[in-house]
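Comments concern the structure below.
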Amino acid sequence: MAHKILVVDDEKPIADILKFNLEKEGYQVACAHDGDEAIAAAKEEDPDLILLDIMLPGKDGNEVCREIRKTHVMPIIMLTAKDAEIDKVLGLEMGADDYVTKPFSNRELIARVKANLRRQQQEPQEGNQRPKEIEIGRLSIQPDAYTVKRDGEYIELTHREFELLYYLARHIGQVMTREHLLETVWGYDYYGDVRTVDVTVRRLREKIEENPSTPAWIVTRRGVGYYLRNPEQE
């Protein structure tokens with residue numbers, strides 16, 4: 001059965017082009033053109049993935065993303081003409097899985113869509129093999145419940161933040177390049193902005209670190225990438 005994609009863009013010609021190109025790839029496509037319509041369509045259509053423009057009349061894309069995330073876990077890719085990092089941070093914080101900056105090529109967008117859908121299908125299978133809990137000092141990760149606790153208190157993470165932390169925890173002490181993390185956590189072989197990793201790491205640090213400017217858990221290996229350590233064993 002073909003995956004269903006919800007395209008949300010207030011510019012109808014752009015939405016129509018996206019719909020045409022996605023349908024050529026064999027996807028079912030529904031469209032919405034403002035924030036309220038997008039929220040209603042997400043509930044009614046129950047899509048497998050959402051392409052969500054940030055600049056929408058009424059509720060903007062970030063507000064829409066936050067509303068949808070209250071009840072749905074499908075991948076959300078933000079579409080934005082803005083290239084400022086603050087816009088990317090906000091979108092990821094609201095629960096988006098990634099962003100694509102306009103103008104983008106159809107080939108790049110389709111590659112991102114396929115990667116996110118592929119990753120979404122793999123996660124339930126991987127979940128069957130996940131341990132019930134990973135303890136790293138004061139940090140506790142429950143893969144089945146997608147929850148994280150520090151000192152017994154829950155830390156609210158987005159889906160992608162959790163996946164990144166869980167992957168680093170499974171490979172504690174091993175330095176991972178940004179490119180490798182894009183491939184394994186986001187599922188991107190070629191297309192993908194490594195700044196996505198940097199932004200997500202920064203947001204993750206702000207949530208789990210006591211002092212994000214001098215991180216004790218998620219450490220940068222300059223010129224290489226990131227790794228997770230147990231500060232209590234240092």
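Residues in the structure tokens are named by chain (A, B, ... in the order shown) and by number from 1 within that chain; ligands are numbered from 1 in the order shown.
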I'd like the contact shell of Val148 of chain A - 8 Å cut-off, only C-alpha atoms, skipping same-chain residues fewer than 6 positions apart - returned as a compact mmCIF listing (two decimals) with N, CA and C atoms, in the first residue's frame.
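What ended up in out_9.txt:
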# COMPACT_ATOMS: atom_id res chain seq x y z
N LEU A 139 21.91 9.08 34.37
CA LEU A 139 21.04 9.14 33.20
C LEU A 139 20.42 7.77 32.96
N SER A 140 19.11 7.75 32.76
CA SER A 140 18.40 6.50 32.51
C SER A 140 17.59 6.64 31.22
N ILE A 141 17.78 5.71 30.29
CA ILE A 141 17.10 5.74 29.00
C ILE A 141 16.22 4.51 28.87
N GLN A 142 14.92 4.73 28.63
CA GLN A 142 13.97 3.63 28.45
C GLN A 142 13.56 3.59 26.98
N TYR A 154 11.95 13.02 34.70
CA TYR A 154 11.80 12.88 33.25
C TYR A 154 12.27 14.14 32.52
N ILE A 155 12.92 13.91 31.39
CA ILE A 155 13.35 14.99 30.50
C ILE A 155 12.58 14.84 29.20
N GLU A 156 11.89 15.88 28.81
CA GLU A 156 11.08 15.81 27.60
C GLU A 156 11.95 16.03 26.36
N LEU A 157 12.01 15.03 25.51
CA LEU A 157 12.79 15.11 24.27
C LEU A 157 11.88 14.93 23.07
N PHE A 162 15.61 11.99 21.03
CA PHE A 162 15.72 10.71 21.71
C PHE A 162 16.53 9.71 20.90
For segment 51-150 of chain A against segment 13-36 of chain A, with a cut-off of 6 Å and counting only C-alpha atoms, what is the closest atom pair and its distance in Å to one decimal for every residue that makes the cut, ordered by chain and number, as a tab-separated table?
residue	atom	partner	partner_atom	distance
A:Leu56	CA	A:Asp34	CA	5.5
A:Pro57	CA	A:Asp34	CA	5.6
A:Gly58	CA	A:Gly35	CA	6.0
A:Lys59	CA	A:Gly35	CA	4.7
A:Val64	CA	A:Gly35	CA	5.9
Using only N, CA and C atoms, please write the residues we just selected to a file, as a PDB file, in the first residue's frame.
ATOM      1  N   LEU A  56       2.984  30.127   7.033  1.00  0.00           N
ATOM      2  CA  LEU A  56       1.582  29.844   6.725  1.00  0.00           C
ATOM      3  C   LEU A  56       0.699  30.948   7.297  1.00  0.00           C
ATOM      4  N   PRO A  57      -0.444  31.225   6.651  1.00  0.00           N
ATOM      5  CA  PRO A  57      -1.392  32.174   7.252  1.00  0.00           C
ATOM      6  C   PRO A  57      -2.045  31.563   8.486  1.00  0.00           C
ATOM      7  N   GLY A  58      -2.381  32.426   9.438  1.00  0.00           N
ATOM      8  CA  GLY A  58      -2.956  31.914  10.689  1.00  0.00           C
ATOM      9  C   GLY A  58      -1.862  31.288  11.535  1.00  0.00           C
ATOM     10  N   LYS A  59      -2.036  30.050  11.926  1.00  0.00           N
ATOM     11  CA  LYS A  59      -0.991  29.346  12.661  1.00  0.00           C
ATOM     12  C   LYS A  59       0.187  29.078  11.721  1.00  0.00           C
ATOM     13  N   VAL A  64       1.797  24.658  14.052  1.00  0.00           N
ATOM     14  CA  VAL A  64       1.138  23.466  13.519  1.00  0.00           C
ATOM     15  C   VAL A  64       1.886  22.210  13.933  1.00  0.00           C
TER      16      VAL A  64
END
(request) Using only C-alpha atoms, pick whichever of A:Tyr99, A:Glu108, A:Ile208, A:Ile77 has the shortest atom-to-atom distance to Lys149 of chain A. (result) A:Ile208
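The nearest approach to Ala115 of chain A among the residues A:Asp144, A:Glu209, A:Glu183, A:Glu67, with only C-alpha atoms taken into account, belongs to A:Glu183.
Here the question is which of A:Ala38, A:Tyr226, A:Thr214, A:Asp151 gets nearest to Leu181 of chain A using only C-alpha atoms, and that residue is A:Tyr226.
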(request) Would you mind telling me which residue in A:Val185, A:Ala145, A:Leu109, A:Ile68 lies nearest to Met94 of chain A when using only C-alpha atoms? (result) A:Ile68
(request) Check the DSSP output for the backbone and give back, as a ChimeraX atom specification, the residues of segment 11-206 of chain A in alpha helix (DSSP H). (result) /A:12-24,35-45,61-69,85-93,106-127,159-170,178-181,195-206
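A straight line drawn from atom CA of Lys102 of chain A to atom CA of Met78 of chain A is 10.2 Å long.
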(request) Would you list the contacts of segment 169-171 of chain A as number ranges by chain, taking every protein, DNA or RNA residue within 9 Å and counting only C-alpha atoms, but skipping same-chain residues closer than 4 positions in sequence? (result) A: 134, 136, 141, 164-165, 175-176, 227-229
Same residues, all heavy atoms, saved as a compact mmCIF listing (two decimals), in the first residue's frame:
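After the write, out.txt holds the following:
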# COMPACT_ATOMS: atom_id res chain seq x y z
N ILE A 134 18.72 1.59 29.67
CA ILE A 134 20.16 1.82 29.65
C ILE A 134 20.48 2.79 30.77
O ILE A 134 19.92 3.89 30.83
CB ILE A 134 20.63 2.41 28.30
CG1 ILE A 134 20.36 1.42 27.16
CG2 ILE A 134 22.11 2.76 28.34
CD1 ILE A 134 20.72 1.97 25.79
N ILE A 136 23.33 5.05 32.50
CA ILE A 136 24.66 5.67 32.37
C ILE A 136 24.78 6.69 33.48
O ILE A 136 24.37 7.85 33.35
CB ILE A 136 24.84 6.34 30.99
CG1 ILE A 136 24.57 5.34 29.86
CG2 ILE A 136 26.25 6.91 30.85
CD1 ILE A 136 24.57 5.95 28.48
N ILE A 141 17.78 5.71 30.29
CA ILE A 141 17.10 5.74 29.00
C ILE A 141 16.22 4.51 28.87
O ILE A 141 16.70 3.39 29.01
CB ILE A 141 18.13 5.78 27.85
CG1 ILE A 141 19.06 6.99 28.00
CG2 ILE A 141 17.43 5.80 26.50
CD1 ILE A 141 20.25 6.96 27.06
N LEU A 164 18.82 10.23 18.71
CA LEU A 164 20.24 10.59 18.71
C LEU A 164 20.89 10.18 20.03
O LEU A 164 21.96 9.56 20.05
CB LEU A 164 20.39 12.09 18.49
CG LEU A 164 21.82 12.63 18.54
CD1 LEU A 164 22.72 11.95 17.51
CD2 LEU A 164 21.83 14.14 18.34
N LEU A 165 20.25 10.50 21.16
CA LEU A 165 20.80 10.14 22.46
C LEU A 165 20.90 8.63 22.61
O LEU A 165 21.91 8.10 23.10
CB LEU A 165 19.92 10.72 23.58
CG LEU A 165 20.37 10.40 25.00
CD1 LEU A 165 21.75 10.99 25.29
CD2 LEU A 165 19.35 10.91 26.01
N VAL A 175 33.48 7.97 19.15
CA VAL A 175 33.27 9.24 18.46
C VAL A 175 32.55 8.98 17.13
O VAL A 175 32.97 8.14 16.34
CB VAL A 175 34.61 9.95 18.20
CG1 VAL A 175 34.37 11.28 17.48
CG2 VAL A 175 35.35 10.19 19.51
N MET A 176 31.45 9.70 16.91
CA MET A 176 30.65 9.55 15.69
C MET A 176 30.73 10.83 14.88
O MET A 176 30.48 11.92 15.41
CB MET A 176 29.18 9.27 16.05
CG MET A 176 28.98 8.03 16.91
SD MET A 176 29.38 6.51 15.97
CE MET A 176 29.14 5.28 17.27
N TYR A 227 30.57 12.33 20.92
CA TYR A 227 30.43 11.05 21.60
C TYR A 227 29.80 11.27 22.97
O TYR A 227 29.80 12.39 23.51
CB TYR A 227 31.78 10.33 21.74
CG TYR A 227 32.80 11.00 22.67
CD1 TYR A 227 32.95 10.58 23.99
CD2 TYR A 227 33.61 12.03 22.21
CE1 TYR A 227 33.88 11.17 24.83
CE2 TYR A 227 34.55 12.62 23.03
CZ TYR A 227 34.69 12.19 24.35
OH TYR A 227 35.62 12.78 25.17
N LEU A 228 29.22 10.20 23.53
CA LEU A 228 28.60 10.24 24.84
C LEU A 228 29.53 9.58 25.85
O LEU A 228 30.13 8.55 25.55
CB LEU A 228 27.26 9.50 24.82
CG LEU A 228 26.42 9.56 26.10
CD1 LEU A 228 25.84 10.95 26.29
CD2 LEU A 228 25.29 8.53 26.06
N ARG A 229 29.64 10.19 27.01
CA ARG A 229 30.48 9.61 28.07
C ARG A 229 29.71 9.64 29.39
O ARG A 229 28.70 10.33 29.52
CB ARG A 229 31.78 10.41 28.22
CG ARG A 229 31.59 11.78 28.81
CD ARG A 229 32.91 12.49 29.06
NE ARG A 229 32.70 13.79 29.66
CZ ARG A 229 33.68 14.62 30.01
NH1 ARG A 229 34.94 14.28 29.79
NH2 ARG A 229 33.42 15.79 30.56
(message) Could you go through segment 63-200 of chain A and tell me which residues DSSP, when run on the backbone, assigns to strand (DSSP E or B), listing them as a ChimeraX atom specification?
(response) /A:76-80,98-101,134-136,139-142,147-150,153-155,176-177
File dump, residues just selected, N, CA, C and O atoms, as a CSV table (one decimal), in the first residue's frame:
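Below you can see out.csv, which holds the result:
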chain,number,residue,atom,x,y,z
A,76,ILE,N,8.0,14.6,10.3
A,76,ILE,CA,7.6,16.0,9.8
A,76,ILE,C,8.9,16.6,9.3
A,76,ILE,O,9.9,16.8,10.0
A,77,ILE,N,8.9,17.0,8.0
A,77,ILE,CA,10.0,17.8,7.4
A,77,ILE,C,9.5,19.2,7.2
A,77,ILE,O,8.5,19.4,6.4
A,78,MET,N,10.2,20.1,7.8
A,78,MET,CA,9.8,21.5,7.6
A,78,MET,C,10.4,22.1,6.3
A,78,MET,O,11.5,21.8,5.9
A,79,LEU,N,9.6,22.9,5.6
A,79,LEU,CA,10.0,23.5,4.3
A,79,LEU,C,10.1,25.0,4.7
A,79,LEU,O,9.1,25.6,5.1
A,80,THR,N,11.2,25.6,4.4
A,80,THR,CA,11.4,27.0,4.8
A,80,THR,C,12.3,27.8,3.8
A,80,THR,O,13.2,27.2,3.3
A,98,ASP,N,13.3,17.1,10.5
A,98,ASP,CA,14.3,17.8,9.7
A,98,ASP,C,13.7,19.0,9.0
A,98,ASP,O,12.5,19.2,9.1
A,99,TYR,N,14.5,19.7,8.3
A,99,TYR,CA,14.1,20.8,7.5
A,99,TYR,C,14.7,20.8,6.1
A,99,TYR,O,15.8,20.2,6.0
A,100,VAL,N,14.1,21.4,5.1
A,100,VAL,CA,14.7,21.6,3.8
A,100,VAL,C,14.5,23.1,3.5
A,100,VAL,O,13.4,23.6,3.6
A,101,THR,N,15.6,23.7,3.1
A,101,THR,CA,15.6,25.1,2.8
A,101,THR,C,15.3,25.4,1.3
A,101,THR,O,15.9,24.8,0.5
A,134,ILE,N,18.7,1.6,29.7
A,134,ILE,CA,20.2,1.8,29.6
A,134,ILE,C,20.5,2.8,30.8
A,134,ILE,O,19.9,3.9,30.8
A,135,GLU,N,21.3,2.4,31.7
A,135,GLU,CA,21.8,3.2,32.8
A,135,GLU,C,23.2,3.7,32.5
A,135,GLU,O,24.1,3.0,32.4
A,136,ILE,N,23.3,5.1,32.5
A,136,ILE,CA,24.7,5.7,32.4
A,136,ILE,C,24.8,6.7,33.5
A,136,ILE,O,24.4,7.8,33.3
A,139,LEU,N,21.9,9.1,34.4
A,139,LEU,CA,21.0,9.1,33.2
A,139,LEU,C,20.4,7.8,33.0
A,139,LEU,O,21.1,6.8,32.9
A,140,SER,N,19.1,7.7,32.8
A,140,SER,CA,18.4,6.5,32.5
A,140,SER,C,17.6,6.6,31.2
A,140,SER,O,16.8,7.6,31.1
A,141,ILE,N,17.8,5.7,30.3
A,141,ILE,CA,17.1,5.7,29.0
A,141,ILE,C,16.2,4.5,28.9
A,141,ILE,O,16.7,3.4,29.0
A,142,GLN,N,14.9,4.7,28.6
A,142,GLN,CA,14.0,3.6,28.4
A,142,GLN,C,13.6,3.6,27.0
A,142,GLN,O,12.6,4.3,26.6
A,147,THR,N,11.6,7.4,26.7
A,147,THR,CA,11.7,8.3,27.8
A,147,THR,C,13.1,8.4,28.3
A,147,THR,O,13.8,7.4,28.2
A,148,VAL,N,13.5,9.5,28.9
A,148,VAL,CA,14.8,9.7,29.5
A,148,VAL,C,14.6,10.3,30.8
A,148,VAL,O,13.8,11.3,31.0
A,149,LYS,N,15.4,9.9,31.8
A,149,LYS,CA,15.3,10.5,33.2
A,149,LYS,C,16.7,10.8,33.6
A,149,LYS,O,17.7,10.0,33.3
A,150,ARG,N,16.9,11.9,34.3
A,150,ARG,CA,18.1,12.3,34.9
A,150,ARG,C,17.8,12.5,36.4
A,150,ARG,O,17.0,13.2,36.8
A,153,GLU,N,14.2,12.2,37.3
A,153,GLU,CA,13.2,13.1,36.8
A,153,GLU,C,13.2,13.0,35.2
A,153,GLU,O,14.2,13.0,34.6
A,154,TYR,N,12.0,13.0,34.7
A,154,TYR,CA,11.8,12.9,33.3
A,154,TYR,C,12.3,14.1,32.5
A,154,TYR,O,12.1,15.3,33.0
A,155,ILE,N,12.9,13.9,31.4
A,155,ILE,CA,13.4,15.0,30.5
A,155,ILE,C,12.6,14.8,29.2
A,155,ILE,O,12.6,13.8,28.6
A,176,MET,N,31.5,9.7,16.9
A,176,MET,CA,30.6,9.6,15.7
A,176,MET,C,30.7,10.8,14.9
A,176,MET,O,30.5,11.9,15.4
A,177,THR,N,31.0,10.7,13.6
A,177,THR,CA,31.1,11.9,12.7
A,177,THR,C,29.7,12.4,12.5
A,177,THR,O,28.7,11.6,12.6
(request) Find the residues around Arg66 of chain A up to 12 Å (only C-alpha atoms counted), leave out those fewer than 3 positions away in its own chain, and share them as a list in words. (result) Gly35, Ala38, Ile39, Leu52, Ile54, Lys59, Asp60, Gly61, Asn62, Glu63, Arg69, Lys70, Thr71, His72, Val73, Ile76, Leu90, Gly91, Leu92, Glu93, Met94, Gly95, Ala96 and Thr158 of chain A
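Coordinates place atom CA of Val89 of chain A at a distance of 13.0 Å from atom CA of Arg205 of chain A.
Here atom CA of Gly223 of chain A stands at a distance of 22.9 Å from atom CA of Glu163 of chain A.
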